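Report on the following structure.
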Amino acid sequence: MASPSAGFAGPADLHLHSNQSDGTEAPAEVIRQAHAHGIRTVALTDHDRSTGWDEAGDAAVALGMTFIPGMELSAKHEWRSVHVLGYLFDPGDPALQAETDRIRGDRIGRAERIVRNIGRDYDLHWDDVVAQTALDATIGRPHIADALVARGIVRDRTEAFDGILHPREGYYEPHYAPDPLTAVRLITQAGGVAIIAHPVTAGRDRMMPIPYIERLIAAGLGGFEVDHRENTEAGKRMLRELAQKHDLIVTGSSDYHGSGKPNRPGENTTSDEMVARLLAQGAGIAPRFP
């Protein structure tokens, strides 16, 4: 393991996506975009996979940046979709690998079901979706949205998600995801640091109940992604109080997806103090320093 004493530089953006999941750019291009926006420590956090790490890490080191390997693990609590960011975990851990394989496999089946549903009313086919997906990427609803755009059925991803892909339209299908407690345990048991991504995007009624969050903390939860464009101000205050009470890590990130979302690298960042804590706690794989 490399030591965090090897040094890193801010600003740090710890939540970005490539075309290995639902971003629109290759991993190396994601890193170049982050660098162009002033970021000097970066994490690639594609959904349920780590396949972009080598390319992203090489690009980061070449640009004099620190690269922190990461992933956004899908989870579900009751009706809530919960995303758990995992950093510096061992990608070869058997239990975590088996779970991400299961999640990705069901995502494909779910996407196929959604496309069949949409295809009853619109001229959309599975091949259209595959054409919008990078080789071996985790296929999800954003790729269906891109296929709808390519077909001229909607203008952009936003229109797709506000319309055809919204659950109220009747085409939606659920997909498998573990509960957050399992997700946190898998990441920490693989030597990683688990951070709940954008936990308060729709206010307290959508947030996991405090007693359940306390269970996550007891299971090894490392902290919360507080500074994110979708978190409410009231929710941020609550998370900061909870983080202070339990001495947890607080991060800020862009959730960059290339042209797939309006989010820009560096629009929210993580302090050097919190990055150092993250590097000190992660034990599954080394960060890459320039």
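Every chain in the structure tokens takes a letter, A first, then B, and so on in the order presented; its residues are numbered from 1, and the ligands are numbered from 1 following the presented order.
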Identify, on the basis of only C-alpha atoms, every residue whose closest approach to Leu124 of chain A does not exceed 8 Å; exclude the query and any residue fewer than 6 positions from it along the same chain; express the result as an NGL selection string. :A and (115 or 118 or 147-148 or 151)
Keeping N, CA and C atoms, export the residues of the selection given above as a compact mmCIF listing (two decimals), in the first residue's frame.
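Contents of out_11.txt, freshly written:
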```txt
# COMPACT_ATOMS: atom_id res chain seq x y z
N VAL A 115 -37.16 -1.79 -22.41
CA VAL A 115 -37.18 -1.54 -23.85
C VAL A 115 -38.35 -2.25 -24.51
N ILE A 118 -41.42 -0.16 -23.73
CA ILE A 118 -41.46 1.06 -24.55
C ILE A 118 -41.76 0.72 -26.00
N ALA A 147 -30.75 6.21 -26.46
CA ALA A 147 -31.34 5.59 -27.63
C ALA A 147 -32.61 6.31 -28.06
N LEU A 148 -33.38 6.77 -27.09
CA LEU A 148 -34.58 7.55 -27.41
C LEU A 148 -34.22 8.87 -28.09
N ARG A 151 -33.09 8.14 -31.66
CA ARG A 151 -34.25 7.82 -32.50
C ARG A 151 -35.11 9.05 -32.80
```
Quick one: which segment 188-250 of chain A residues come within 10 Å of segment 94-105 of chain A, and what is the nearest atom pair for each with the distance in Å to one decimal, counting only C-alpha atoms, rows ordered by chain and ascending number, as a tab-separated table?
```
residue	atom	partner	partner_atom	distance
A:Thr188	CA	A:Leu96	CA	9.9
A:Gln189	CA	A:Leu96	CA	8.7
A:Ala190	CA	A:Leu96	CA	7.2
```
Expressed in Å to a single decimal, how great is the separation between atom CA of Gly252 of chain A and atom CA of Asp13 of chain A? 6.9 Å
As an MDAnalysis selection string, please: every residue in segment 66-153 of chain A that a backbone DSSP assignment puts in helix (DSSP H, G or I). chainID A and resid 94:119 126:130 141:150
Closest of A:Ala134, A:Asp156, A:Glu169, A:Tyr87 to Arg277 of chain A, counting only C-alpha atoms, is A:Tyr87
Backbone DSSP call of strand (DSSP E or B) for segment 128-273 of chain A, listed as a list in words: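 Secondary structure check on segment 128-273 of chain A, strand (DSSP E or B): Val193, Ala194, Ile195, Ile196, Gly223, Phe224, Glu225, Val226, Asp227, Ile249, Val250, Thr251, Gly252, Tyr256 and Thr270 of chain A.
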Residues just named, written with all heavy atoms as a tab-separated table (two decimals), in the first residue's frame:
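New file out_31.tsv:
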```
chain	number	residue	atom	x	y	z
A	193	VAL	N	-13.63	2.18	1.89
A	193	VAL	CA	-14.33	3.19	2.69
A	193	VAL	C	-15.68	3.45	2.01
A	193	VAL	O	-15.72	3.76	0.82
A	193	VAL	CB	-13.53	4.50	2.77
A	193	VAL	CG1	-14.25	5.51	3.66
A	193	VAL	CG2	-12.12	4.24	3.30
A	194	ALA	N	-16.76	3.30	2.78
A	194	ALA	CA	-18.11	3.45	2.24
A	194	ALA	C	-18.68	4.83	2.59
A	194	ALA	O	-18.68	5.22	3.77
A	194	ALA	CB	-19.03	2.36	2.80
A	195	ILE	N	-19.14	5.53	1.57
A	195	ILE	CA	-19.72	6.87	1.72
A	195	ILE	C	-21.09	6.86	1.04
A	195	ILE	O	-21.19	6.49	-0.14
A	195	ILE	CB	-18.83	7.94	1.06
A	195	ILE	CG1	-17.40	7.90	1.61
A	195	ILE	CG2	-19.47	9.34	1.21
A	195	ILE	CD1	-17.23	8.40	3.01
A	196	ILE	N	-22.13	7.30	1.73
A	196	ILE	CA	-23.45	7.35	1.10
A	196	ILE	C	-23.50	8.54	0.14
A	196	ILE	O	-23.24	9.68	0.53
A	196	ILE	CB	-24.58	7.49	2.14
A	196	ILE	CG1	-24.57	6.30	3.11
A	196	ILE	CG2	-25.94	7.59	1.44
A	196	ILE	CD1	-24.90	4.97	2.47
A	223	GLY	N	-18.92	7.77	5.95
A	223	GLY	CA	-19.36	9.15	5.91
A	223	GLY	C	-20.44	9.40	4.87
A	223	GLY	O	-21.07	8.47	4.35
A	224	PHE	N	-20.61	10.69	4.55
A	224	PHE	CA	-21.67	11.13	3.64
A	224	PHE	C	-21.13	12.07	2.58
A	224	PHE	O	-20.24	12.88	2.84
A	224	PHE	CB	-22.77	11.88	4.40
A	224	PHE	CG	-23.34	11.16	5.57
A	224	PHE	CD1	-23.07	11.60	6.87
A	224	PHE	CD2	-24.14	10.05	5.41
A	224	PHE	CE1	-23.59	10.94	7.96
A	224	PHE	CE2	-24.67	9.38	6.50
A	224	PHE	CZ	-24.40	9.83	7.78
A	225	GLU	N	-21.71	11.97	1.38
A	225	GLU	CA	-21.46	12.96	0.35
A	225	GLU	C	-22.45	14.11	0.60
A	225	GLU	O	-23.63	14.01	0.24
A	225	GLU	CB	-21.68	12.35	-1.03
A	225	GLU	CG	-21.39	13.30	-2.18
A	225	GLU	CD	-21.70	12.65	-3.53
A	225	GLU	OE1	-22.85	12.19	-3.73
A	225	GLU	OE2	-20.78	12.60	-4.37
A	226	VAL	N	-21.97	15.16	1.21
A	226	VAL	CA	-22.85	16.26	1.64
A	226	VAL	C	-22.99	17.32	0.56
A	226	VAL	O	-24.10	17.74	0.22
A	226	VAL	CB	-22.33	16.88	2.95
A	226	VAL	CG1	-23.15	18.11	3.32
A	226	VAL	CG2	-22.37	15.85	4.09
A	227	ASP	N	-21.87	17.79	0.03
A	227	ASP	CA	-21.92	18.85	-0.97
A	227	ASP	C	-22.13	18.25	-2.36
A	227	ASP	O	-21.18	17.81	-3.02
A	227	ASP	CB	-20.64	19.69	-0.92
A	227	ASP	CG	-20.58	20.53	0.35
A	227	ASP	OD1	-21.62	21.08	0.74
A	227	ASP	OD2	-19.50	20.61	0.96
A	249	ILE	N	-16.44	11.07	7.75
A	249	ILE	CA	-15.91	11.81	6.61
A	249	ILE	C	-17.05	12.52	5.88
A	249	ILE	O	-18.13	11.95	5.70
A	249	ILE	CB	-15.16	10.85	5.65
A	249	ILE	CG1	-13.92	10.26	6.34
A	249	ILE	CG2	-14.77	11.56	4.35
A	249	ILE	CD1	-13.27	9.14	5.55
A	250	VAL	N	-16.81	13.74	5.46
A	250	VAL	CA	-17.76	14.51	4.68
A	250	VAL	C	-17.12	14.85	3.35
A	250	VAL	O	-16.02	15.41	3.30
A	250	VAL	CB	-18.16	15.82	5.41
A	250	VAL	CG1	-18.97	16.73	4.50
A	250	VAL	CG2	-18.94	15.49	6.68
A	251	THR	N	-17.78	14.49	2.27
A	251	THR	CA	-17.23	14.75	0.94
A	251	THR	C	-18.12	15.70	0.14
A	251	THR	O	-19.28	15.92	0.47
A	251	THR	CB	-17.05	13.45	0.13
A	251	THR	OG1	-18.34	12.92	-0.21
A	251	THR	CG2	-16.24	12.42	0.91
A	252	GLY	N	-17.54	16.26	-0.91
A	252	GLY	CA	-18.28	17.06	-1.87
A	252	GLY	C	-17.82	16.67	-3.26
A	252	GLY	O	-16.62	16.46	-3.48
A	256	TYR	N	-20.16	14.00	-12.04
A	256	TYR	CA	-20.00	14.31	-13.47
A	256	TYR	C	-20.34	13.09	-14.34
A	256	TYR	O	-19.93	11.97	-14.04
A	256	TYR	CB	-18.57	14.75	-13.72
A	256	TYR	CG	-18.21	15.07	-15.15
A	256	TYR	CD1	-18.79	16.13	-15.82
A	256	TYR	CD2	-17.25	14.31	-15.82
A	256	TYR	CE1	-18.43	16.45	-17.12
A	256	TYR	CE2	-16.88	14.62	-17.13
A	256	TYR	CZ	-17.48	15.68	-17.77
A	256	TYR	OH	-17.12	15.99	-19.07
A	270	THR	N	-14.06	18.15	-2.19
A	270	THR	CA	-13.80	17.59	-0.87
A	270	THR	C	-12.54	18.23	-0.29
A	270	THR	O	-11.54	18.37	-1.00
A	270	THR	CB	-13.62	16.06	-0.96
A	270	THR	OG1	-14.80	15.48	-1.53
A	270	THR	CG2	-13.37	15.45	0.41
```
Set the distance at 10 Å and use only C-alpha atoms: which residues neighbour Val129 of chain A once local chain neighbours fewer than 5 positions away are removed? I'd like the list as number ranges by chain. A: 111-112, 115, 124, 139-148, 150
Distance query Val61 of chain A at most 8 Å, only C-alpha atoms, self and fewer than 3 positions along chain excluded, as a PyMOL selection string: chain A and resi 57-58+64-67+288-290
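The residue that comes closest to Met207 of chain A, out of A:Gln20, A:Thr158, A:Thr138, A:Asn231 and on the basis of only C-alpha atoms, is A:Asn231.
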Show me, as a tab-separated table, the residues of segment 180-244 of chain A having an atom within 10 Å of segment 70-80 of chain A, each with the closest atom pair and its distance in Å, using only C-alpha atoms.
```
residue	atom	partner	partner_atom	distance
A:Pro180	CA	A:Ala75	CA	5.3
A:Leu181	CA	A:Ala75	CA	8.8
A:Thr182	CA	A:Ala75	CA	8.4
A:Ala183	CA	A:Ala75	CA	6.6
A:Val184	CA	A:Leu73	CA	9.2
A:Leu186	CA	A:Leu73	CA	9.9
A:Ile187	CA	A:Leu73	CA	8.9
A:Gly192	CA	A:Gly70	CA	8.9
A:Val193	CA	A:Gly70	CA	9.3
A:Ala194	CA	A:Leu73	CA	9.5
A:Ile195	CA	A:Glu72	CA	9.3
A:Ile196	CA	A:Glu72	CA	9.2
A:Ala197	CA	A:Glu72	CA	8.0
A:Arg206	CA	A:Arg80	CA	7.0
A:Met207	CA	A:Arg80	CA	8.0
A:Met208	CA	A:His77	CA	7.4
A:Pro209	CA	A:His77	CA	9.8
A:Tyr212	CA	A:His77	CA	9.5
```
Which residues, written as a list of chain:residue names, have at least one atom at most 12 Å from Ile210 of chain A, with only C-alpha atoms counted and residues fewer than 5 positions away on the same chain left out?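 Within the cut-off, the hits are A:Pro199, A:Val200, A:Arg204, A:Asp205, A:Arg215, A:Leu216, A:Ile217, A:Met238, A:Leu239, A:Glu241, A:Leu242.
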What is the atom CA of Arg113 of chain A to atom CA of Glu173 of chain A distance in Å? 6.9 Å
Using only C-alpha atoms, pick whichever of A:Leu14, A:Ala56, A:His47, A:Ala26 has the shortest atom-to-atom distance to His228 of chain A.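 Smallest separation from His228 of chain A among the options: A:Leu14.
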Shortest contact to Ser21 of chain A, candidates A:His35, A:Lys245, A:Arg107, A:His175, atoms counted only C-alpha atoms, goes to A:Arg107
